[in-house]
$ cat my_file_24.cif   # mmCIF, C-alpha atoms
data_structure
loop_
_atom_site.label_atom_id
_atom_site.label_comp_id
_atom_site.auth_asym_id
_atom_site.auth_seq_id
_atom_site.Cartn_x
_atom_site.Cartn_y
_atom_site.Cartn_z
CA MET A 57 222.07 71.03 -73.09
CA THR A 58 224.10 72.70 -75.71
CA SER A 59 227.02 70.59 -76.76
CA THR A 60 230.49 71.27 -75.43
CA LEU A 61 231.96 69.56 -78.49
CA GLN A 62 233.93 72.11 -80.46
CA GLY A 63 233.65 72.15 -84.21
CA GLU A 64 236.02 73.61 -86.75
CA SER A 65 237.22 77.07 -85.82
CA SER A 66 237.01 80.07 -88.06
CA ASN A 67 239.38 83.01 -88.01
CA GLU A 68 237.07 85.23 -90.01
CA GLN A 69 235.64 87.92 -87.73
CA PRO A 70 232.71 90.17 -88.61
CA PRO A 71 234.04 93.68 -89.32
CA GLN A 72 233.44 96.18 -86.54
CA GLN A 73 231.51 98.46 -88.91
CA HIS A 74 228.84 95.79 -89.19
CA ARG A 75 228.03 95.97 -85.49
CA GLU A 76 224.85 97.74 -84.49
CA GLN A 77 223.44 98.76 -81.15
CA LEU A 78 220.82 96.30 -79.94
CA PRO A 79 217.69 97.49 -78.15
CA PRO A 80 216.75 95.63 -74.98
CA PRO A 81 214.20 92.82 -75.37
CA LEU A 82 210.54 93.80 -75.45
CA LEU A 83 209.08 94.36 -72.01
CA SER A 84 205.45 94.65 -73.05
CA SER A 85 202.95 91.80 -73.00
CA SER A 86 201.72 92.28 -76.56
CA SER A 87 202.47 89.68 -79.20
CA SER A 88 204.56 90.54 -82.21
CA SER A 89 202.79 90.67 -85.53
CA SER A 90 205.31 88.15 -86.84
CA SER A 91 203.40 85.23 -85.31
CA SER A 92 200.91 83.67 -87.70
CA SER A 93 198.00 81.53 -86.54
CA GLU A 94 199.87 78.45 -87.82
CA TYR A 95 202.94 79.26 -85.77
CA ALA A 96 200.96 80.22 -82.67
CA SER A 97 199.02 76.95 -82.86
CA TYR A 98 202.17 74.83 -83.26
CA ILE A 99 204.26 76.61 -80.59
CA PRO A 100 201.85 77.00 -77.65
CA ILE A 101 201.80 80.28 -75.71
CA ILE A 102 201.14 79.57 -72.03
CA ASP A 103 200.09 82.32 -69.63
CA LEU A 104 201.51 81.75 -66.13
CA SER A 105 199.28 84.33 -64.44
CA PRO A 106 196.96 81.62 -62.98
CA LEU A 107 199.92 80.68 -60.74
CA HIS A 108 200.06 84.05 -59.03
CA ASP A 109 197.18 83.46 -56.58
CA GLY A 110 198.88 80.30 -55.31
CA SER A 111 195.82 78.09 -55.79
CA MET A 112 196.13 74.45 -56.77
CA ALA A 113 193.43 74.99 -59.41
CA GLY A 114 195.62 77.60 -61.10
CA LYS A 115 198.66 75.32 -60.97
CA GLN A 116 196.72 72.39 -62.41
CA LYS A 117 195.41 74.54 -65.26
CA VAL A 118 198.90 75.62 -66.29
CA ALA A 119 200.34 72.13 -65.73
CA GLN A 120 197.80 70.65 -68.12
CA ALA A 121 198.74 73.16 -70.83
CA ILE A 122 202.42 72.35 -70.30
CA LYS A 123 201.72 68.61 -70.46
CA LEU A 124 200.11 68.92 -73.88
CA ALA A 125 202.92 71.16 -75.17
CA CYS A 126 205.63 68.77 -73.95
CA GLU A 127 203.94 65.76 -75.51
CA ASP A 128 203.21 67.39 -78.86
CA VAL A 129 206.04 69.86 -79.55
CA GLY A 130 208.63 70.00 -76.76
CA PHE A 131 208.56 73.80 -77.13
CA PHE A 132 206.31 76.46 -75.63
CA ILE A 133 206.35 80.17 -74.81
CA ILE A 134 205.57 81.52 -71.33
CA THR A 135 204.16 84.95 -70.51
CA HIS A 136 203.47 86.66 -67.15
CA HIS A 137 206.47 84.78 -65.80
CA GLY A 138 207.20 87.09 -62.87
CA VAL A 139 210.87 87.88 -63.63
CA PRO A 140 211.46 91.57 -62.79
CA PRO A 141 211.99 93.68 -65.94
CA SER A 142 215.01 95.42 -64.35
CA ILE A 143 216.86 92.10 -63.97
CA ILE A 144 216.26 91.23 -67.62
CA HIS A 145 217.19 94.71 -68.85
CA ASN A 146 220.39 94.97 -66.80
CA ALA A 147 221.62 91.54 -67.92
CA TRP A 148 220.79 92.27 -71.54
CA ALA A 149 222.61 95.60 -71.47
CA ALA A 150 225.68 94.07 -69.79
CA ALA A 151 225.83 91.27 -72.36
CA THR A 152 225.56 93.76 -75.23
CA GLU A 153 228.34 95.87 -73.73
CA PHE A 154 230.56 92.80 -73.38
CA PHE A 155 230.03 91.62 -76.96
CA ASP A 156 230.77 95.13 -78.23
CA LEU A 157 234.28 94.99 -76.75
CA PRO A 158 237.19 94.52 -79.18
CA THR A 159 237.69 90.87 -80.17
CA GLU A 160 241.16 90.76 -78.60
CA GLU A 161 239.80 91.90 -75.24
CA LYS A 162 237.01 89.30 -75.26
CA GLU A 163 239.40 86.50 -76.17
CA LYS A 164 241.65 87.39 -73.23
CA SER A 165 238.79 87.78 -70.72
CA VAL A 166 237.87 84.24 -69.63
CA LYS A 167 239.13 81.34 -71.70
CA MET A 168 237.48 77.95 -71.97
CA GLU A 169 239.80 75.21 -70.68
CA GLY A 170 238.01 72.00 -71.58
CA SER A 171 236.88 70.01 -68.55
CA GLN A 172 238.95 72.23 -66.26
CA TYR A 173 236.70 75.21 -67.07
CA PRO A 174 233.97 74.48 -69.65
CA TYR A 175 232.63 78.05 -69.51
CA GLY A 176 233.87 81.48 -70.58
CA TYR A 177 234.19 83.06 -74.01
CA SER A 178 233.77 81.16 -77.28
CA GLY A 179 234.71 83.24 -80.30
CA PHE A 180 233.00 83.77 -83.62
CA GLY A 181 232.66 80.44 -85.46
CA GLY A 182 233.93 78.48 -82.46
CA GLU A 183 231.57 75.51 -82.73
CA VAL A 184 229.21 73.50 -84.95
CA LEU A 185 226.23 72.37 -82.88
CA SER A 186 225.06 69.84 -85.48
CA HIS A 187 228.29 67.87 -84.97
CA SER A 188 226.91 66.66 -81.64
CA LYS A 189 223.83 65.16 -83.31
CA ALA A 190 225.94 63.64 -86.09
CA TYR A 191 228.07 62.00 -83.37
CA GLU A 192 224.95 60.59 -81.68
CA HIS A 193 223.55 59.15 -84.91
CA ALA A 194 226.91 57.61 -85.82
CA HIS A 195 226.91 55.75 -82.49
CA HIS A 196 223.23 54.77 -82.62
CA SER A 197 222.97 53.51 -86.19
CA SER A 198 220.19 51.10 -85.26
CA SER A 199 217.85 54.00 -84.51
CA SER A 200 214.89 54.38 -86.83
CA SER A 201 214.94 58.16 -86.56
CA SER A 202 214.66 59.99 -89.85
CA SER A 203 216.12 63.21 -88.51
CA SER A 204 219.70 62.15 -89.23
CA SER A 205 219.07 62.70 -92.92
CA SER A 206 218.19 66.32 -92.18
CA LEU A 207 221.67 67.14 -90.88
CA PRO A 208 223.73 68.45 -93.81
CA PRO A 209 227.44 69.21 -93.36
CA SER A 210 227.70 72.58 -91.63
CA LEU A 211 230.09 75.48 -91.59
CA PRO A 212 231.14 76.79 -88.17
CA ASP A 213 228.19 78.52 -86.53
CA PRO A 214 228.64 82.29 -87.07
CA LYS A 215 228.08 83.46 -83.51
CA GLU A 216 229.99 84.12 -80.29
CA SER A 217 229.08 83.34 -76.70
CA PHE A 218 229.97 83.73 -73.04
CA SER A 219 228.93 81.11 -70.46
CA ILE A 220 228.88 80.76 -66.70
CA GLY A 221 228.05 77.84 -64.45
CA PRO A 222 226.68 77.56 -60.91
CA SER A 223 228.21 79.42 -57.99
CA ASP A 224 227.22 76.76 -55.44
CA PRO A 225 230.31 74.71 -54.44
CA ALA A 226 227.98 71.72 -53.93
CA SER A 227 227.68 71.47 -57.72
CA GLY A 228 231.28 70.30 -57.96
CA MET A 229 231.82 72.75 -60.82
CA PRO A 230 234.69 75.28 -60.87
CA ALA A 231 234.08 78.72 -59.38
CA VAL A 232 232.66 81.29 -61.77
CA ARG A 233 235.26 83.43 -63.54
CA TRP A 234 234.11 86.90 -64.53
CA PRO A 235 235.57 89.15 -67.23
CA PRO A 236 237.12 92.38 -65.90
CA SER A 237 235.01 94.50 -68.25
CA PRO A 238 232.38 95.83 -68.30
CA PRO A 239 232.08 96.50 -64.53
CA SER A 240 228.30 95.92 -64.62
CA PHE A 241 228.68 92.43 -66.09
CA ALA A 242 229.19 90.24 -63.01
CA PRO A 243 226.39 91.63 -60.80
CA ALA A 244 223.88 91.87 -63.66
CA ILE A 245 224.53 88.37 -65.03
CA ALA A 246 224.65 86.80 -61.55
CA ALA A 247 221.24 88.32 -60.74
CA TYR A 248 219.82 87.02 -64.00
CA TYR A 249 221.20 83.51 -63.34
CA GLN A 250 219.48 83.50 -59.94
CA ALA A 251 216.20 84.65 -61.51
CA MET A 252 216.40 81.77 -64.00
CA GLU A 253 217.03 79.33 -61.15
CA THR A 254 213.80 80.54 -59.54
CA LEU A 255 211.80 80.41 -62.78
CA SER A 256 213.07 76.95 -63.70
CA SER A 257 212.13 75.69 -60.22
CA SER A 258 208.58 76.93 -60.75
CA LEU A 259 208.43 75.12 -64.08
CA LEU A 260 209.80 71.91 -62.56
CA GLU A 261 206.99 71.93 -60.01
CA LEU A 262 204.51 72.24 -62.88
CA PHE A 263 206.30 69.43 -64.73
CA ALA A 264 205.80 67.22 -61.67
CA LEU A 265 202.09 68.00 -61.52
CA ALA A 266 201.76 67.35 -65.25
CA LEU A 267 203.35 63.93 -64.77
CA SER A 268 201.22 63.00 -61.73
CA LEU A 269 204.20 63.25 -59.37
CA PRO A 270 204.57 65.07 -56.03
CA PRO A 271 205.16 68.80 -56.70
CA SER A 272 208.66 68.67 -55.18
CA PHE A 273 209.78 65.57 -57.09
CA PHE A 274 212.14 67.38 -59.47
CA THR A 275 213.09 70.38 -57.32
CA SER A 276 214.20 68.10 -54.48
CA LEU A 277 216.83 66.66 -56.82
CA MET A 278 218.25 70.05 -57.85
CA ILE A 279 220.47 70.80 -54.83
CA GLY A 280 223.96 71.25 -56.27
CA HIS A 281 222.63 71.47 -59.83
CA CYS A 282 224.95 72.08 -62.79
CA SER A 283 222.82 74.58 -64.71
CA ALA A 284 224.57 76.94 -67.12
CA LEU A 285 223.78 80.37 -68.53
CA ARG A 286 224.94 81.17 -72.03
CA LEU A 287 224.88 84.64 -73.56
CA LEU A 288 224.93 84.58 -77.36
CA ASN A 289 225.59 87.21 -79.98
CA TYR A 290 224.85 86.72 -83.68
CA PRO A 291 226.48 89.74 -85.37
CA PRO A 292 225.53 90.90 -88.87
CA LEU A 293 227.59 89.06 -91.46
CA PRO A 294 229.63 90.70 -94.21
CA PRO A 295 228.29 90.15 -97.76
CA SER A 296 231.34 87.99 -98.52
CA PHE A 297 230.46 85.50 -95.77
CA PRO A 298 229.21 82.17 -97.24
CA PRO A 299 225.51 81.39 -96.64
CA SER A 300 225.11 79.40 -93.43
CA LEU A 301 222.88 78.83 -90.41
CA ARG A 302 223.52 80.97 -87.34
CA ALA A 303 223.21 77.85 -85.15
CA SER A 304 223.10 74.47 -86.88
CA PRO A 305 220.41 71.86 -86.08
CA HIS A 306 220.68 70.36 -82.61
CA THR A 307 218.78 69.35 -79.51
CA ASP A 308 219.66 70.41 -75.98
CA TYR A 309 220.95 67.82 -73.53
CA GLY A 310 219.45 68.48 -70.11
CA ILE A 311 216.06 69.02 -68.47
CA LEU A 312 214.88 72.28 -70.02
CA THR A 313 216.14 75.49 -71.59
CA LEU A 314 214.86 79.01 -70.88
CA LEU A 315 215.56 81.37 -73.76
CA ARG A 316 215.26 85.16 -73.78
CA SER A 317 215.48 86.28 -77.39
CA GLY A 318 215.98 89.66 -79.01
CA GLY A 319 214.97 88.80 -82.55
CA ARG A 320 213.56 86.27 -84.94
CA GLY A 321 215.52 83.33 -86.34
CA LEU A 322 214.78 80.36 -84.06
CA GLU A 323 213.10 77.48 -85.89
CA VAL A 324 211.73 74.13 -84.70
CA LEU A 325 211.66 70.93 -86.77
CA ARG A 326 208.03 69.92 -86.98
CA ARG A 327 207.52 66.18 -86.62
CA ARG A 328 205.63 64.18 -89.21
CA GLU A 329 202.41 62.54 -88.09
CA GLY A 330 203.16 59.50 -85.93
CA GLU A 331 206.92 60.16 -85.66
CA ARG A 332 208.73 60.98 -82.41
CA GLU A 333 211.65 62.79 -84.06
CA GLY A 334 211.98 65.34 -86.85
CA GLY A 335 211.44 64.57 -90.48
CA GLY A 336 209.04 67.43 -91.25
CA GLU A 337 209.37 71.11 -92.09
CA TRP A 338 211.02 73.92 -90.14
CA VAL A 339 208.58 76.20 -88.30
CA ALA A 340 209.53 79.65 -87.03
CA VAL A 341 209.11 80.33 -83.30
CA PRO A 342 207.05 83.54 -83.01
CA GLU A 343 208.18 86.62 -81.13
CA VAL A 344 206.01 87.37 -78.11
CA GLY A 345 206.66 90.43 -75.97
CA ASP A 346 208.16 89.90 -72.50
CA SER A 347 208.25 86.14 -72.79
CA PHE A 348 210.60 83.19 -72.54
CA VAL A 349 210.83 80.30 -74.95
CA VAL A 350 210.99 76.97 -73.12
CA ASN A 351 212.16 73.73 -74.69
CA LEU A 352 212.84 70.27 -73.35
CA GLY A 353 216.24 68.61 -73.43
CA ASP A 354 217.17 65.02 -74.25
CA LEU A 355 217.35 64.09 -70.57
CA MET A 356 213.69 64.97 -70.06
CA GLY A 357 212.79 62.80 -73.02
CA ARG A 358 214.70 59.90 -71.46
CA TRP A 359 213.15 60.52 -68.03
CA THR A 360 209.61 60.43 -69.45
CA ASN A 361 210.16 57.37 -71.65
CA ASP A 362 209.86 59.65 -74.71
CA TRP A 363 206.33 60.69 -73.83
CA TRP A 364 207.76 64.22 -73.76
CA VAL A 365 209.88 65.22 -76.74
CA SER A 366 213.23 66.93 -77.16
CA THR A 367 212.88 68.68 -80.49
CA MET A 368 215.51 69.56 -83.08
CA HIS A 369 215.92 73.31 -83.56
CA ARG A 370 218.22 75.77 -85.33
CA VAL A 371 218.79 79.50 -85.83
CA VAL A 372 218.57 80.99 -89.32
CA GLU A 373 219.64 84.37 -90.63
CA GLU A 374 217.03 87.07 -90.10
CA GLY A 375 216.60 89.33 -93.12
CA GLU A 376 218.52 89.78 -96.30
CA GLY A 377 220.65 92.48 -97.83
CA GLU A 378 223.94 94.18 -97.11
CA GLY A 379 225.58 92.99 -93.92
CA GLY A 380 223.78 89.67 -93.84
CA GLY A 381 220.64 90.79 -91.98
CA LYS A 382 220.19 92.01 -88.44
CA ARG A 383 222.18 91.39 -85.32
CA ARG A 384 220.53 88.93 -82.91
CA GLN A 385 221.23 88.44 -79.22
CA THR A 386 219.89 85.84 -76.79
CA MET A 387 220.33 84.59 -73.23
CA ALA A 388 219.87 80.83 -72.75
CA PHE A 389 219.63 79.14 -69.34
CA PHE A 390 220.23 75.38 -69.46
CA CYS A 391 218.67 73.62 -66.46
CA ASN A 392 220.89 70.65 -65.60
CA LEU A 393 220.72 68.04 -62.85
CA PRO A 394 223.53 67.47 -60.35
CA ALA A 395 225.97 64.85 -61.63
CA ARG A 396 225.10 62.49 -58.77
CA VAL A 397 221.43 61.99 -59.76
CA MET A 398 220.49 58.72 -61.43
CA VAL A 399 217.90 59.16 -64.18
CA GLU A 400 215.49 56.28 -64.72
CA CYS A 401 212.14 56.03 -66.45
CA LEU A 402 209.46 57.62 -64.28
CA GLU A 403 206.89 55.11 -63.04
CA THR A 404 204.08 57.34 -64.30
CA CYS A 405 205.57 57.19 -67.82
CA ARG A 406 205.73 53.42 -68.28
CA ARG A 407 203.49 52.21 -71.09
CA GLU A 408 200.89 49.59 -70.38
CA GLY A 409 202.26 46.11 -71.09
CA GLU A 410 205.79 47.44 -71.56
CA ALA A 411 208.43 45.18 -69.96
CA GLU A 412 211.24 47.71 -70.26
CA PRO A 413 211.20 51.47 -70.93
CA ARG A 414 212.09 52.66 -74.41
#
$ encode --input "my_file_24.cif" --output "structure tokens"
Amino acid sequence: MTSTLQGESSNEQPPQQHREQLPPPLLSSSSSSSSSSEYASYIPIIDLSPLHDGSMAGKQKVAQAIKLACEDVGFFIITHHGVPPSIIHNAWAAATEFFDLPTEEKEKSVKMEGSQYPYGYSGFGGEVLSHSKAYEHAHHSSSSSSSSSSLPPSLPDPKESFSIGPSDPASGMPAVRWPPSPPSFAPAIAAYYQAMETLSSSLLELFALALSLPPSFFTSLMIGHCSALRLLNYPPLPPSFPPSLRASPHTDYGILTLLRSGGRGLEVLRRREGEREGGGEWVAVPEVGDSFVVNLGDLMGRWTNDWWVSTMHRVVEEGEGEGGGKRRQTMAFFCNLPARVMVECLETCRREGEAEPR
């Protein structure tokens, strides 16, 4: 999941005049013209409609597509996902309204308090995601991965965010703290969190089928899960702001991430032939109407003995010109196991003749 390590902080705030009103995410099923055949072939687009009749044949068809995507890329896009448009729209509108509040009001709303409360508001430039990967490589110097060389020193990521965790006391996480404004925020975001719980459970059942496991293998472990929802805002940058990535290169830490995006900018590090990690070129993730981008986290790579890949990704500035391009907003749901669950290599993912998992 996204790192909780905090990078250098930045006091520079984007001027209020650079803010623009964001439209809600697309709610049509048509693909954006921004996706080229190269991108569409590298980032698979998987239609979930075969699931809707409840047949095992439909589930197996989708599970096979997911299996190939998880082995080759670690990223895919899902359409016909079944999340009601009203839930998406209401959450999106509430997040936009929150991020449009004055900076002082947001900073006073719900403060992050380290391990005591690892959620809440993180201000503009409050972290550097690539620091988490640099930390990993520094403590695993024997690794043969070439992706460490692709992590240049980064400025603070020019974005802001608001996060919540689970409401189930069985998770062992602190109770959710809601900002007082806007009034629509708590009910809209809570409903969206619940919808992501449902969608991630459906995907976990498909993961199990793809890995030749009982359908309930993963979902049975999720009681008291520690999943988190993170709302992100990438405001337009003033011309004086130094060139930088909107989110520096990183991988996510948990099982999977469900991303609802309102604009281009997400890029995936394409692996070189025969390599399990990075080392290639950056490939843009296409925009597809009414879809979610799904990517695997490091834990899923560990669980599957690296048969399935957790892929490095970043967010770049969309567009050029005055104001540093367009505003971008996203909602990312990080599906995390309960802390009590022991993760060991799945029996179906052991390689032939392998004494110990990778």
$ residues_around --input "my_file_24.cif" --residues "range 361-369 of chain A" --least-positions-apart "5" --cutoff "9 Å" --atoms "all atoms listed in the file" --output "VMD selection string"
chain A and resid 123 to 131 203 303 to 309 322 to 327 332 to 334 338 351 to 356 400 to 402 405 to 407 413 to 414
$ atom_distance --input "my_file_24.cif" --atom1 "CA of Glu403 in chain A" --atom2 "CA of Thr313 in chain A"
24.0 Å
$ atom_distance --input "my_file_24.cif" --atom1 "CA of Ile245 in chain A" --atom2 "CA of Trp148 in chain A"
8.5 Å
$ atom_distance --input "my_file_24.cif" --atom1 "CA of Gly138 in chain A" --atom2 "CA of Pro238 in chain A"
27.2 Å
